[in-house]
$ cat query24.cif   # mmCIF, N, CA and C atoms
data_model
#
loop_
_atom_site.label_atom_id
_atom_site.label_comp_id
_atom_site.auth_asym_id
_atom_site.auth_seq_id
_atom_site.Cartn_x
_atom_site.Cartn_y
_atom_site.Cartn_z
N MET W 1 8.75 7.59 -2.60
CA MET W 1 9.18 6.27 -2.95
C MET W 1 8.76 5.29 -1.87
N CYS W 2 8.48 4.11 -2.26
CA CYS W 2 8.20 3.06 -1.30
C CYS W 2 9.16 1.92 -1.55
N ARG W 3 9.77 1.47 -0.49
CA ARG W 3 10.67 0.34 -0.66
C ARG W 3 9.88 -0.93 -0.47
N PHE W 4 10.30 -1.94 -1.19
CA PHE W 4 9.68 -3.25 -1.09
C PHE W 4 10.20 -3.92 0.16
N VAL W 5 9.30 -4.38 0.98
CA VAL W 5 9.68 -5.12 2.17
C VAL W 5 8.74 -6.31 2.27
N VAL W 6 9.31 -7.48 2.24
CA VAL W 6 8.47 -8.65 2.48
C VAL W 6 8.37 -8.75 3.99
N VAL W 7 7.23 -8.43 4.50
CA VAL W 7 7.02 -8.44 5.93
C VAL W 7 6.44 -9.79 6.28
N THR W 8 7.18 -10.54 7.05
CA THR W 8 6.69 -11.85 7.45
C THR W 8 6.50 -11.88 8.96
N ARG W 9 5.87 -12.88 9.44
CA ARG W 9 5.63 -13.00 10.86
C ARG W 9 6.94 -13.18 11.65
N GLN W 10 8.03 -13.58 10.99
CA GLN W 10 9.29 -13.80 11.69
C GLN W 10 10.11 -12.53 11.88
N LEU W 11 9.80 -11.46 11.16
CA LEU W 11 10.59 -10.24 11.27
C LEU W 11 10.19 -9.41 12.47
N ARG W 12 11.13 -8.58 12.92
CA ARG W 12 10.83 -7.64 14.00
C ARG W 12 9.85 -6.60 13.50
N PRO W 13 9.15 -5.92 14.39
CA PRO W 13 8.24 -4.86 13.95
C PRO W 13 8.99 -3.81 13.15
N THR W 14 8.33 -3.25 12.14
CA THR W 14 8.95 -2.27 11.27
C THR W 14 8.84 -0.87 11.83
N GLY W 15 8.10 -0.67 12.88
CA GLY W 15 7.95 0.65 13.46
C GLY W 15 6.73 1.38 12.96
N GLY W 16 6.04 0.87 11.97
CA GLY W 16 4.87 1.54 11.43
C GLY W 16 3.62 0.71 11.63
N THR W 17 2.49 1.32 11.38
CA THR W 17 1.23 0.62 11.50
C THR W 17 0.31 1.04 10.38
N VAL W 18 -0.66 0.20 10.07
CA VAL W 18 -1.66 0.52 9.07
C VAL W 18 -2.66 1.48 9.69
N GLN W 19 -3.19 1.11 10.81
CA GLN W 19 -4.01 1.99 11.62
C GLN W 19 -3.17 2.30 12.84
N THR W 20 -3.77 2.74 13.89
CA THR W 20 -2.98 3.05 15.07
C THR W 20 -2.58 1.82 15.84
N ASP W 21 -3.22 0.68 15.59
CA ASP W 21 -2.95 -0.49 16.41
C ASP W 21 -2.69 -1.78 15.63
N ILE W 22 -2.40 -1.70 14.34
CA ILE W 22 -2.22 -2.90 13.54
C ILE W 22 -0.76 -3.04 13.13
N ASP W 23 -0.19 -4.20 13.44
CA ASP W 23 1.18 -4.52 13.04
C ASP W 23 1.15 -4.97 11.58
N PRO W 24 1.91 -4.34 10.69
CA PRO W 24 1.84 -4.71 9.28
C PRO W 24 2.24 -6.16 9.02
N ARG W 25 3.05 -6.75 9.91
CA ARG W 25 3.43 -8.15 9.74
C ARG W 25 2.22 -9.05 9.78
N SER W 26 1.21 -8.64 10.50
CA SER W 26 0.01 -9.48 10.64
C SER W 26 -0.87 -9.44 9.40
N LEU W 27 -0.56 -8.58 8.43
CA LEU W 27 -1.37 -8.48 7.21
C LEU W 27 -1.08 -9.59 6.21
N ILE W 28 0.15 -10.09 6.19
CA ILE W 28 0.54 -11.12 5.23
C ILE W 28 -0.34 -12.34 5.40
N GLY W 29 -0.92 -12.77 4.28
CA GLY W 29 -1.78 -13.95 4.30
C GLY W 29 -3.24 -13.67 4.62
N ARG W 30 -3.55 -12.44 4.98
CA ARG W 30 -4.94 -12.09 5.28
C ARG W 30 -5.72 -11.88 3.98
N LYS W 31 -7.01 -12.11 4.05
CA LYS W 31 -7.89 -11.88 2.91
C LYS W 31 -8.22 -10.39 2.85
N ALA W 32 -8.39 -9.92 1.63
CA ALA W 32 -8.75 -8.52 1.39
C ALA W 32 -10.09 -8.48 0.66
N PHE W 33 -10.94 -7.56 1.09
CA PHE W 33 -12.28 -7.40 0.53
C PHE W 33 -12.49 -5.95 0.12
N ASP W 34 -13.33 -5.75 -0.91
CA ASP W 34 -13.63 -4.38 -1.32
C ASP W 34 -14.68 -3.77 -0.40
N ARG W 35 -15.09 -2.55 -0.72
CA ARG W 35 -16.04 -1.85 0.15
C ARG W 35 -17.41 -2.51 0.21
N ASN W 36 -17.73 -3.34 -0.79
CA ASN W 36 -19.02 -4.03 -0.80
C ASN W 36 -18.95 -5.43 -0.23
N GLY W 37 -17.77 -5.83 0.24
CA GLY W 37 -17.60 -7.16 0.82
C GLY W 37 -17.19 -8.23 -0.18
N ALA W 38 -16.93 -7.84 -1.45
CA ALA W 38 -16.47 -8.81 -2.46
C ALA W 38 -15.00 -9.12 -2.22
N LYS W 39 -14.65 -10.39 -2.28
CA LYS W 39 -13.27 -10.80 -2.04
C LYS W 39 -12.37 -10.33 -3.19
N ILE W 40 -11.24 -9.71 -2.82
CA ILE W 40 -10.25 -9.27 -3.79
C ILE W 40 -9.17 -10.33 -3.92
N GLY W 41 -8.66 -10.82 -2.79
CA GLY W 41 -7.60 -11.81 -2.80
C GLY W 41 -6.89 -11.87 -1.46
N THR W 42 -5.62 -12.26 -1.49
CA THR W 42 -4.82 -12.45 -0.29
C THR W 42 -3.62 -11.50 -0.32
N ILE W 43 -3.31 -10.90 0.81
CA ILE W 43 -2.19 -9.97 0.90
C ILE W 43 -0.88 -10.75 0.87
N ASP W 44 -0.05 -10.40 -0.13
CA ASP W 44 1.25 -11.05 -0.31
C ASP W 44 2.40 -10.26 0.29
N GLU W 45 2.37 -8.95 0.12
CA GLU W 45 3.51 -8.11 0.50
C GLU W 45 3.03 -6.77 1.04
N VAL W 46 3.91 -6.15 1.82
CA VAL W 46 3.65 -4.82 2.36
C VAL W 46 4.80 -3.92 1.93
N TYR W 47 4.48 -2.70 1.52
CA TYR W 47 5.46 -1.72 1.07
C TYR W 47 5.49 -0.57 2.05
N LEU W 48 6.70 -0.16 2.46
CA LEU W 48 6.87 0.91 3.42
C LEU W 48 7.31 2.19 2.73
N ASP W 49 6.82 3.32 3.24
CA ASP W 49 7.24 4.61 2.74
C ASP W 49 8.72 4.83 3.08
N ASP W 50 9.52 5.26 2.11
CA ASP W 50 10.94 5.47 2.33
C ASP W 50 11.21 6.54 3.39
N ALA W 51 10.44 7.61 3.37
CA ALA W 51 10.69 8.73 4.27
C ALA W 51 10.25 8.46 5.69
N THR W 52 9.12 7.79 5.86
CA THR W 52 8.54 7.63 7.20
C THR W 52 8.69 6.23 7.77
N GLY W 53 8.90 5.22 6.91
CA GLY W 53 8.95 3.83 7.38
C GLY W 53 7.57 3.26 7.65
N GLU W 54 6.53 4.02 7.38
CA GLU W 54 5.16 3.57 7.62
C GLU W 54 4.70 2.67 6.48
N PRO W 55 3.92 1.63 6.78
CA PRO W 55 3.35 0.82 5.71
C PRO W 55 2.37 1.66 4.91
N GLU W 56 2.54 1.67 3.59
CA GLU W 56 1.71 2.52 2.77
C GLU W 56 0.87 1.76 1.75
N TRP W 57 1.42 0.69 1.20
CA TRP W 57 0.73 -0.09 0.18
C TRP W 57 0.83 -1.57 0.52
N ALA W 58 -0.16 -2.32 0.06
CA ALA W 58 -0.12 -3.78 0.14
C ALA W 58 -0.33 -4.32 -1.25
N ALA W 59 0.35 -5.41 -1.55
CA ALA W 59 0.14 -6.11 -2.82
C ALA W 59 -0.79 -7.28 -2.53
N VAL W 60 -1.94 -7.29 -3.22
CA VAL W 60 -2.96 -8.31 -3.00
C VAL W 60 -3.01 -9.23 -4.21
N ARG W 61 -2.76 -10.52 -3.99
CA ARG W 61 -2.84 -11.51 -5.06
C ARG W 61 -4.31 -11.69 -5.40
N THR W 62 -4.67 -11.36 -6.65
CA THR W 62 -6.09 -11.33 -7.02
C THR W 62 -6.62 -12.66 -7.54
N GLY W 63 -5.79 -13.68 -7.61
CA GLY W 63 -6.25 -14.99 -8.05
C GLY W 63 -5.07 -15.91 -8.29
N LEU W 64 -5.34 -17.18 -8.51
CA LEU W 64 -4.28 -18.17 -8.67
C LEU W 64 -3.33 -17.82 -9.81
N PHE W 65 -3.86 -17.41 -10.96
CA PHE W 65 -3.02 -17.06 -12.10
C PHE W 65 -3.05 -15.57 -12.41
N SER W 66 -3.49 -14.79 -11.46
CA SER W 66 -3.61 -13.35 -11.66
C SER W 66 -2.39 -12.64 -11.11
N ARG W 67 -2.39 -11.35 -11.27
CA ARG W 67 -1.31 -10.52 -10.77
C ARG W 67 -1.65 -9.98 -9.38
N ASP W 68 -0.68 -9.31 -8.80
CA ASP W 68 -0.91 -8.62 -7.54
C ASP W 68 -1.38 -7.20 -7.85
N ALA W 69 -2.36 -6.74 -7.11
CA ALA W 69 -2.85 -5.37 -7.24
C ALA W 69 -2.41 -4.58 -6.01
N PHE W 70 -1.87 -3.40 -6.24
CA PHE W 70 -1.48 -2.54 -5.13
C PHE W 70 -2.70 -1.84 -4.57
N VAL W 71 -2.84 -1.86 -3.25
CA VAL W 71 -3.94 -1.16 -2.59
C VAL W 71 -3.37 -0.26 -1.50
N PRO W 72 -3.98 0.91 -1.30
CA PRO W 72 -3.50 1.80 -0.25
C PRO W 72 -3.93 1.30 1.12
N LEU W 73 -3.02 1.39 2.08
CA LEU W 73 -3.35 0.93 3.42
C LEU W 73 -3.99 2.02 4.27
N GLU W 74 -3.70 3.28 3.97
CA GLU W 74 -4.21 4.37 4.81
C GLU W 74 -5.72 4.40 4.94
N PRO W 75 -6.51 4.37 3.89
CA PRO W 75 -7.96 4.41 4.14
C PRO W 75 -8.54 3.03 4.43
N SER W 76 -7.74 1.98 4.34
CA SER W 76 -8.23 0.63 4.59
C SER W 76 -8.28 0.36 6.08
N GLU W 77 -9.05 -0.65 6.46
CA GLU W 77 -9.14 -0.98 7.88
C GLU W 77 -9.32 -2.47 8.07
N MET W 78 -8.88 -2.93 9.23
CA MET W 78 -9.07 -4.34 9.59
C MET W 78 -10.49 -4.52 10.09
N VAL W 79 -11.16 -5.52 9.56
CA VAL W 79 -12.50 -5.90 10.02
C VAL W 79 -12.42 -7.39 10.31
N GLY W 80 -12.42 -7.73 11.59
CA GLY W 80 -12.22 -9.12 11.97
C GLY W 80 -10.81 -9.54 11.57
N ASP W 81 -10.70 -10.61 10.79
CA ASP W 81 -9.40 -11.11 10.34
C ASP W 81 -9.05 -10.69 8.91
N SER W 82 -9.76 -9.73 8.36
CA SER W 82 -9.52 -9.36 6.97
C SER W 82 -9.33 -7.85 6.83
N LEU W 83 -8.78 -7.47 5.68
CA LEU W 83 -8.58 -6.06 5.38
C LEU W 83 -9.71 -5.58 4.48
N ARG W 84 -10.39 -4.53 4.90
CA ARG W 84 -11.47 -3.94 4.11
C ARG W 84 -10.91 -2.72 3.40
N ILE W 85 -10.92 -2.77 2.07
CA ILE W 85 -10.39 -1.70 1.24
C ILE W 85 -11.58 -0.88 0.72
N PRO W 86 -11.62 0.41 0.99
CA PRO W 86 -12.81 1.21 0.68
C PRO W 86 -12.96 1.61 -0.79
N TYR W 87 -12.71 0.66 -1.69
CA TYR W 87 -12.85 0.89 -3.12
C TYR W 87 -13.56 -0.31 -3.73
N ASP W 88 -14.13 -0.12 -4.93
CA ASP W 88 -14.77 -1.22 -5.65
C ASP W 88 -13.73 -2.19 -6.19
N ARG W 89 -14.10 -3.44 -6.28
CA ARG W 89 -13.23 -4.50 -6.77
C ARG W 89 -12.65 -4.18 -8.15
N LYS W 90 -13.48 -3.66 -9.03
CA LYS W 90 -13.03 -3.34 -10.39
C LYS W 90 -11.92 -2.30 -10.38
N LEU W 91 -12.06 -1.25 -9.57
CA LEU W 91 -11.03 -0.22 -9.49
C LEU W 91 -9.72 -0.82 -8.98
N ILE W 92 -9.82 -1.69 -7.99
CA ILE W 92 -8.63 -2.33 -7.42
C ILE W 92 -7.94 -3.20 -8.48
N LYS W 93 -8.72 -4.00 -9.18
CA LYS W 93 -8.14 -4.89 -10.19
C LYS W 93 -7.60 -4.12 -11.39
N ASP W 94 -8.08 -2.89 -11.61
CA ASP W 94 -7.60 -2.06 -12.71
C ASP W 94 -6.41 -1.17 -12.32
N ALA W 95 -5.90 -1.34 -11.10
CA ALA W 95 -4.76 -0.53 -10.65
C ALA W 95 -3.55 -0.79 -11.54
N PRO W 96 -2.68 0.20 -11.71
CA PRO W 96 -1.48 -0.01 -12.52
C PRO W 96 -0.70 -1.23 -12.04
N ASP W 97 -0.16 -1.98 -13.01
CA ASP W 97 0.59 -3.20 -12.70
C ASP W 97 2.08 -2.92 -12.80
N PHE W 98 2.76 -2.92 -11.67
CA PHE W 98 4.20 -2.67 -11.64
C PHE W 98 4.98 -3.93 -11.30
N GLY W 99 4.29 -5.04 -11.12
CA GLY W 99 4.96 -6.23 -10.64
C GLY W 99 5.26 -6.07 -9.16
N VAL W 100 5.66 -7.13 -8.53
CA VAL W 100 5.96 -7.07 -7.11
C VAL W 100 7.40 -7.50 -6.87
N GLY W 101 7.85 -7.29 -5.65
CA GLY W 101 9.19 -7.69 -5.29
C GLY W 101 10.25 -6.66 -5.62
N ARG W 102 9.81 -5.45 -6.00
CA ARG W 102 10.75 -4.37 -6.34
C ARG W 102 10.31 -3.08 -5.65
N HIS W 103 11.23 -2.18 -5.59
CA HIS W 103 10.98 -0.85 -5.04
C HIS W 103 9.99 -0.12 -5.94
N LEU W 104 9.04 0.59 -5.34
CA LEU W 104 8.15 1.45 -6.11
C LEU W 104 8.84 2.80 -6.31
N SER W 105 8.93 3.24 -7.54
CA SER W 105 9.54 4.54 -7.81
C SER W 105 8.54 5.64 -7.43
N PRO W 106 9.02 6.88 -7.29
CA PRO W 106 8.09 7.98 -7.02
C PRO W 106 7.02 8.11 -8.10
N GLU W 107 7.40 7.88 -9.35
CA GLU W 107 6.45 7.99 -10.45
C GLU W 107 5.37 6.90 -10.35
N GLN W 108 5.77 5.69 -10.01
CA GLN W 108 4.81 4.60 -9.87
C GLN W 108 3.86 4.86 -8.72
N GLU W 109 4.42 5.34 -7.62
CA GLU W 109 3.57 5.63 -6.47
C GLU W 109 2.60 6.76 -6.78
N LEU W 110 3.06 7.76 -7.52
CA LEU W 110 2.19 8.86 -7.92
C LEU W 110 1.04 8.34 -8.79
N GLN W 111 1.35 7.39 -9.69
CA GLN W 111 0.30 6.79 -10.51
C GLN W 111 -0.74 6.09 -9.63
N LEU W 112 -0.30 5.42 -8.58
CA LEU W 112 -1.24 4.76 -7.67
C LEU W 112 -2.08 5.79 -6.92
N TYR W 113 -1.46 6.86 -6.46
CA TYR W 113 -2.22 7.92 -5.79
C TYR W 113 -3.30 8.47 -6.71
N HIS W 114 -2.94 8.71 -7.96
CA HIS W 114 -3.93 9.23 -8.92
C HIS W 114 -5.01 8.19 -9.21
N HIS W 115 -4.63 6.94 -9.36
CA HIS W 115 -5.60 5.88 -9.65
C HIS W 115 -6.67 5.80 -8.56
N TYR W 116 -6.25 5.88 -7.31
CA TYR W 116 -7.19 5.78 -6.20
C TYR W 116 -7.74 7.14 -5.77
N ARG W 117 -7.35 8.19 -6.50
CA ARG W 117 -7.79 9.55 -6.21
C ARG W 117 -7.51 9.94 -4.76
N LEU W 118 -6.32 9.60 -4.32
CA LEU W 118 -5.89 9.94 -2.97
C LEU W 118 -5.33 11.35 -2.96
N ASP W 119 -5.42 12.01 -1.84
CA ASP W 119 -4.94 13.38 -1.68
C ASP W 119 -3.42 13.40 -1.74
N ILE W 120 -2.89 14.15 -2.68
CA ILE W 120 -1.45 14.32 -2.78
C ILE W 120 -1.07 15.78 -2.60
N SER W 121 -1.88 16.49 -1.85
CA SER W 121 -1.68 17.94 -1.71
C SER W 121 -0.71 18.30 -0.59
N SER W 122 -0.06 17.32 0.03
CA SER W 122 0.91 17.63 1.08
C SER W 122 2.02 18.47 0.49
N PRO W 123 2.53 19.41 1.24
CA PRO W 123 3.56 20.29 0.70
C PRO W 123 4.85 19.52 0.40
N VAL W 124 5.50 19.90 -0.69
CA VAL W 124 6.77 19.29 -1.06
C VAL W 124 7.87 20.26 -0.66
N SER W 125 8.87 19.75 0.02
CA SER W 125 9.96 20.60 0.46
C SER W 125 11.23 19.78 0.55
N ASP W 126 12.35 20.45 0.34
CA ASP W 126 13.64 19.79 0.48
C ASP W 126 14.15 19.85 1.91
N SER W 127 13.47 20.59 2.78
CA SER W 127 13.95 20.71 4.15
C SER W 127 13.68 19.44 4.92
N PRO W 128 14.64 19.02 5.78
CA PRO W 128 14.46 17.77 6.53
C PRO W 128 13.25 17.79 7.43
N SER W 129 12.92 18.93 8.03
CA SER W 129 11.77 18.96 8.94
C SER W 129 10.46 18.75 8.19
N ALA W 130 10.32 19.35 7.02
CA ALA W 130 9.10 19.19 6.25
C ALA W 130 8.97 17.77 5.73
N ALA W 131 10.09 17.15 5.35
CA ALA W 131 10.04 15.79 4.83
C ALA W 131 9.56 14.84 5.91
N GLY W 132 9.91 15.07 7.15
CA GLY W 132 9.48 14.19 8.22
C GLY W 132 8.04 14.42 8.61
N GLU W 133 7.50 15.59 8.30
CA GLU W 133 6.14 15.92 8.69
C GLU W 133 5.11 15.45 7.67
N SER W 134 5.54 15.16 6.47
CA SER W 134 4.62 14.81 5.40
C SER W 134 4.83 13.38 4.94
N ASP W 135 3.77 12.60 4.87
CA ASP W 135 3.87 11.22 4.40
C ASP W 135 4.20 11.16 2.92
N PHE W 136 3.86 12.21 2.16
CA PHE W 136 3.99 12.14 0.72
C PHE W 136 4.97 13.15 0.17
N GLY W 137 5.45 14.07 1.00
CA GLY W 137 6.30 15.15 0.52
C GLY W 137 7.47 14.69 -0.31
N ARG W 138 8.25 13.73 0.14
CA ARG W 138 9.42 13.28 -0.59
C ARG W 138 9.03 12.44 -1.79
N ILE W 139 7.88 11.81 -1.74
CA ILE W 139 7.42 10.99 -2.85
C ILE W 139 7.06 11.86 -4.04
N ALA W 140 6.56 13.05 -3.78
CA ALA W 140 6.06 13.91 -4.83
C ALA W 140 7.14 14.47 -5.73
N GLY W 141 8.41 14.18 -5.46
CA GLY W 141 9.44 14.60 -6.38
C GLY W 141 10.66 15.24 -5.75
N ALA W 142 10.70 15.33 -4.44
CA ALA W 142 11.89 15.89 -3.80
C ALA W 142 13.05 14.93 -4.01
N ASP W 143 14.23 15.51 -4.24
CA ASP W 143 15.42 14.68 -4.44
C ASP W 143 15.86 14.08 -3.13
N ASP W 144 16.33 12.84 -3.20
CA ASP W 144 16.85 12.15 -2.00
C ASP W 144 18.31 12.41 -1.84
#

$ encode --input "query24.cif" --output "structure tokens"
Amino acid sequence: MCRFVVVTRQLRPTGGTVQTDIDPRSLIGRKAFDRNGAKIGTIDEVYLDDATGEPEWAAVRTGLFSRDAFVPLEPSEMVGDSLRIPYDRKLIKDAPDFGVGRHLSPEQELQLYHHYRLDISSPVSDSPSAAGESDFGRIAGADD
């Protein structure tokens, strides 16, 4: 599960990072580009993993009258002042639409993992130690 967190420049650090050195608060308002350099839109929100507190997804506003598209932060990287998402613009814009401003359910997050063909092979376990070791373990269906 990912909880919705509007991360703004006024909030304290959330304890997580997109890469090893990027504060997720600094992502809000940044431009996002696909792997070919085509502009996707502007980052509106950041979503944190419930189990780890790490930023996992960003909602990117794809246009003035368009919806927000969820993009994974893990394979993305900061290039200058923008976020480079290693997927084609069409794939990003075709991501499942769950709306923004709400908690992502485990099922919704699983749909995003499948859409982006991200590895979801982390072991699932109900044990507290395994849940802390895996970014996706509790998302994959373990009861909270």

$ resolve_selection --input "query24.cif" --expression "the PyMOL selection byres ((chain W and resi 89-103) around 8)" --output "JSON, numbers by chain"
{"W": [1, 2, 3, 4, 5, 6, 33, 34, 35, 36, 37, 38, 39, 40, 45, 59, 62, 67, 68, 69, 70, 71, 85, 86, 87, 88, 104, 105, 106, 108, 109, 111, 112, 115, 116]}

$ write_last_selection --input "query24.cif" --atoms "N, CA and C atoms" --output "short mmCIF file (atom, residue, chain, number, x, y, z; two decimals), keeping the file's coordinate frame"
data_model
loop_
_atom_site.label_atom_id
_atom_site.label_comp_id
_atom_site.auth_asym_id
_atom_site.auth_seq_id
_atom_site.Cartn_x
_atom_site.Cartn_y
_atom_site.Cartn_z
N MET W 1 8.75 7.59 -2.60
CA MET W 1 9.18 6.27 -2.95
C MET W 1 8.76 5.29 -1.87
N CYS W 2 8.48 4.11 -2.26
CA CYS W 2 8.20 3.06 -1.30
C CYS W 2 9.16 1.92 -1.55
N ARG W 3 9.77 1.47 -0.49
CA ARG W 3 10.67 0.34 -0.66
C ARG W 3 9.88 -0.93 -0.47
N PHE W 4 10.30 -1.94 -1.19
CA PHE W 4 9.68 -3.25 -1.09
C PHE W 4 10.20 -3.92 0.16
N VAL W 5 9.30 -4.38 0.98
CA VAL W 5 9.68 -5.12 2.17
C VAL W 5 8.74 -6.31 2.27
N VAL W 6 9.31 -7.48 2.24
CA VAL W 6 8.47 -8.65 2.48
C VAL W 6 8.37 -8.75 3.99
N PHE W 33 -10.94 -7.56 1.09
CA PHE W 33 -12.28 -7.40 0.53
C PHE W 33 -12.49 -5.95 0.12
N ASP W 34 -13.33 -5.75 -0.91
CA ASP W 34 -13.63 -4.38 -1.32
C ASP W 34 -14.68 -3.77 -0.40
N ARG W 35 -15.09 -2.55 -0.72
CA ARG W 35 -16.04 -1.85 0.15
C ARG W 35 -17.41 -2.51 0.21
N ASN W 36 -17.73 -3.34 -0.79
CA ASN W 36 -19.02 -4.03 -0.80
C ASN W 36 -18.95 -5.43 -0.23
N GLY W 37 -17.77 -5.83 0.24
CA GLY W 37 -17.60 -7.16 0.82
C GLY W 37 -17.19 -8.23 -0.18
N ALA W 38 -16.93 -7.84 -1.45
CA ALA W 38 -16.47 -8.81 -2.46
C ALA W 38 -15.00 -9.12 -2.22
N LYS W 39 -14.65 -10.39 -2.28
CA LYS W 39 -13.27 -10.80 -2.04
C LYS W 39 -12.37 -10.33 -3.19
N ILE W 40 -11.24 -9.71 -2.82
CA ILE W 40 -10.25 -9.27 -3.79
C ILE W 40 -9.17 -10.33 -3.92
N GLU W 45 2.37 -8.95 0.12
CA GLU W 45 3.51 -8.11 0.50
C GLU W 45 3.03 -6.77 1.04
N ALA W 59 0.35 -5.41 -1.55
CA ALA W 59 0.14 -6.11 -2.82
C ALA W 59 -0.79 -7.28 -2.53
N THR W 62 -4.67 -11.36 -6.65
CA THR W 62 -6.09 -11.33 -7.02
C THR W 62 -6.62 -12.66 -7.54
N ARG W 67 -2.39 -11.35 -11.27
CA ARG W 67 -1.31 -10.52 -10.77
C ARG W 67 -1.65 -9.98 -9.38
N ASP W 68 -0.68 -9.31 -8.80
CA ASP W 68 -0.91 -8.62 -7.54
C ASP W 68 -1.38 -7.20 -7.85
N ALA W 69 -2.36 -6.74 -7.11
CA ALA W 69 -2.85 -5.37 -7.24
C ALA W 69 -2.41 -4.58 -6.01
N PHE W 70 -1.87 -3.40 -6.24
CA PHE W 70 -1.48 -2.54 -5.13
C PHE W 70 -2.70 -1.84 -4.57
N VAL W 71 -2.84 -1.86 -3.25
CA VAL W 71 -3.94 -1.16 -2.59
C VAL W 71 -3.37 -0.26 -1.50
N ILE W 85 -10.92 -2.77 2.07
CA ILE W 85 -10.39 -1.70 1.24
C ILE W 85 -11.58 -0.88 0.72
N PRO W 86 -11.62 0.41 0.99
CA PRO W 86 -12.81 1.21 0.68
C PRO W 86 -12.96 1.61 -0.79
N TYR W 87 -12.71 0.66 -1.69
CA TYR W 87 -12.85 0.89 -3.12
C TYR W 87 -13.56 -0.31 -3.73
N ASP W 88 -14.13 -0.12 -4.93
CA ASP W 88 -14.77 -1.22 -5.65
C ASP W 88 -13.73 -2.19 -6.19
N LEU W 104 9.04 0.59 -5.34
CA LEU W 104 8.15 1.45 -6.11
C LEU W 104 8.84 2.80 -6.31
N SER W 105 8.93 3.24 -7.54
CA SER W 105 9.54 4.54 -7.81
C SER W 105 8.54 5.64 -7.43
N PRO W 106 9.02 6.88 -7.29
CA PRO W 106 8.09 7.98 -7.02
C PRO W 106 7.02 8.11 -8.10
N GLN W 108 5.77 5.69 -10.01
CA GLN W 108 4.81 4.60 -9.87
C GLN W 108 3.86 4.86 -8.72
N GLU W 109 4.42 5.34 -7.62
CA GLU W 109 3.57 5.63 -6.47
C GLU W 109 2.60 6.76 -6.78
N GLN W 111 1.35 7.39 -9.69
CA GLN W 111 0.30 6.79 -10.51
C GLN W 111 -0.74 6.09 -9.63
N LEU W 112 -0.30 5.42 -8.58
CA LEU W 112 -1.24 4.76 -7.67
C LEU W 112 -2.08 5.79 -6.92
N HIS W 115 -4.63 6.94 -9.36
CA HIS W 115 -5.60 5.88 -9.65
C HIS W 115 -6.67 5.80 -8.56
N TYR W 116 -6.25 5.88 -7.31
CA TYR W 116 -7.19 5.78 -6.20
C TYR W 116 -7.74 7.14 -5.77
#

$ atom_distance --input "query24.cif" --atom1 "atom CA of Tyr113 of chain W" --atom2 "atom C of Arg25 of chain W"
23.5 Å

$ atom_distance --input "query24.cif" --atom1 "atom CA of Asp50 of chain W" --atom2 "atom CA of Glu107 of chain W"
13.8 Å

$ atom_distance --input "query24.cif" --atom1 "atom CA of Pro24 of chain W" --atom2 "atom CA of His114 of chain W"
23.6 Å

$ closest_residue --input "query24.cif" --among "W:Asp81, W:Asp23, W:Glu74, W:Asp119" --to "Glu56 of chain W" --atoms "only N, CA and C atoms"
W:Glu74

$ resolve_selection --input "query24.cif" --expression "the PyMOL selection byres (((chain W and resi 42 and name CA) around 6) and name CA)" --output "short mmCIF file (atom, residue, chain, number, x, y, z; two decimals) with N, CA and C atoms, keeping the file's coordinate frame"
data_model
loop_
_atom_site.label_atom_id
_atom_site.label_comp_id
_atom_site.auth_asym_id
_atom_site.auth_seq_id
_atom_site.Cartn_x
_atom_site.Cartn_y
_atom_site.Cartn_z
N GLY W 29 -0.92 -12.77 4.28
CA GLY W 29 -1.78 -13.95 4.30
C GLY W 29 -3.24 -13.67 4.62
N ARG W 30 -3.55 -12.44 4.98
CA ARG W 30 -4.94 -12.09 5.28
C ARG W 30 -5.72 -11.88 3.98
N LYS W 31 -7.01 -12.11 4.05
CA LYS W 31 -7.89 -11.88 2.91
C LYS W 31 -8.22 -10.39 2.85
N ALA W 32 -8.39 -9.92 1.63
CA ALA W 32 -8.75 -8.52 1.39
C ALA W 32 -10.09 -8.48 0.66
N GLY W 41 -8.66 -10.82 -2.79
CA GLY W 41 -7.60 -11.81 -2.80
C GLY W 41 -6.89 -11.87 -1.46
N ILE W 43 -3.31 -10.90 0.81
CA ILE W 43 -2.19 -9.97 0.90
C ILE W 43 -0.88 -10.75 0.87
N VAL W 60 -1.94 -7.29 -3.22
CA VAL W 60 -2.96 -8.31 -3.00
C VAL W 60 -3.01 -9.23 -4.21
N ARG W 61 -2.76 -10.52 -3.99
CA ARG W 61 -2.84 -11.51 -5.06
C ARG W 61 -4.31 -11.69 -5.40
#
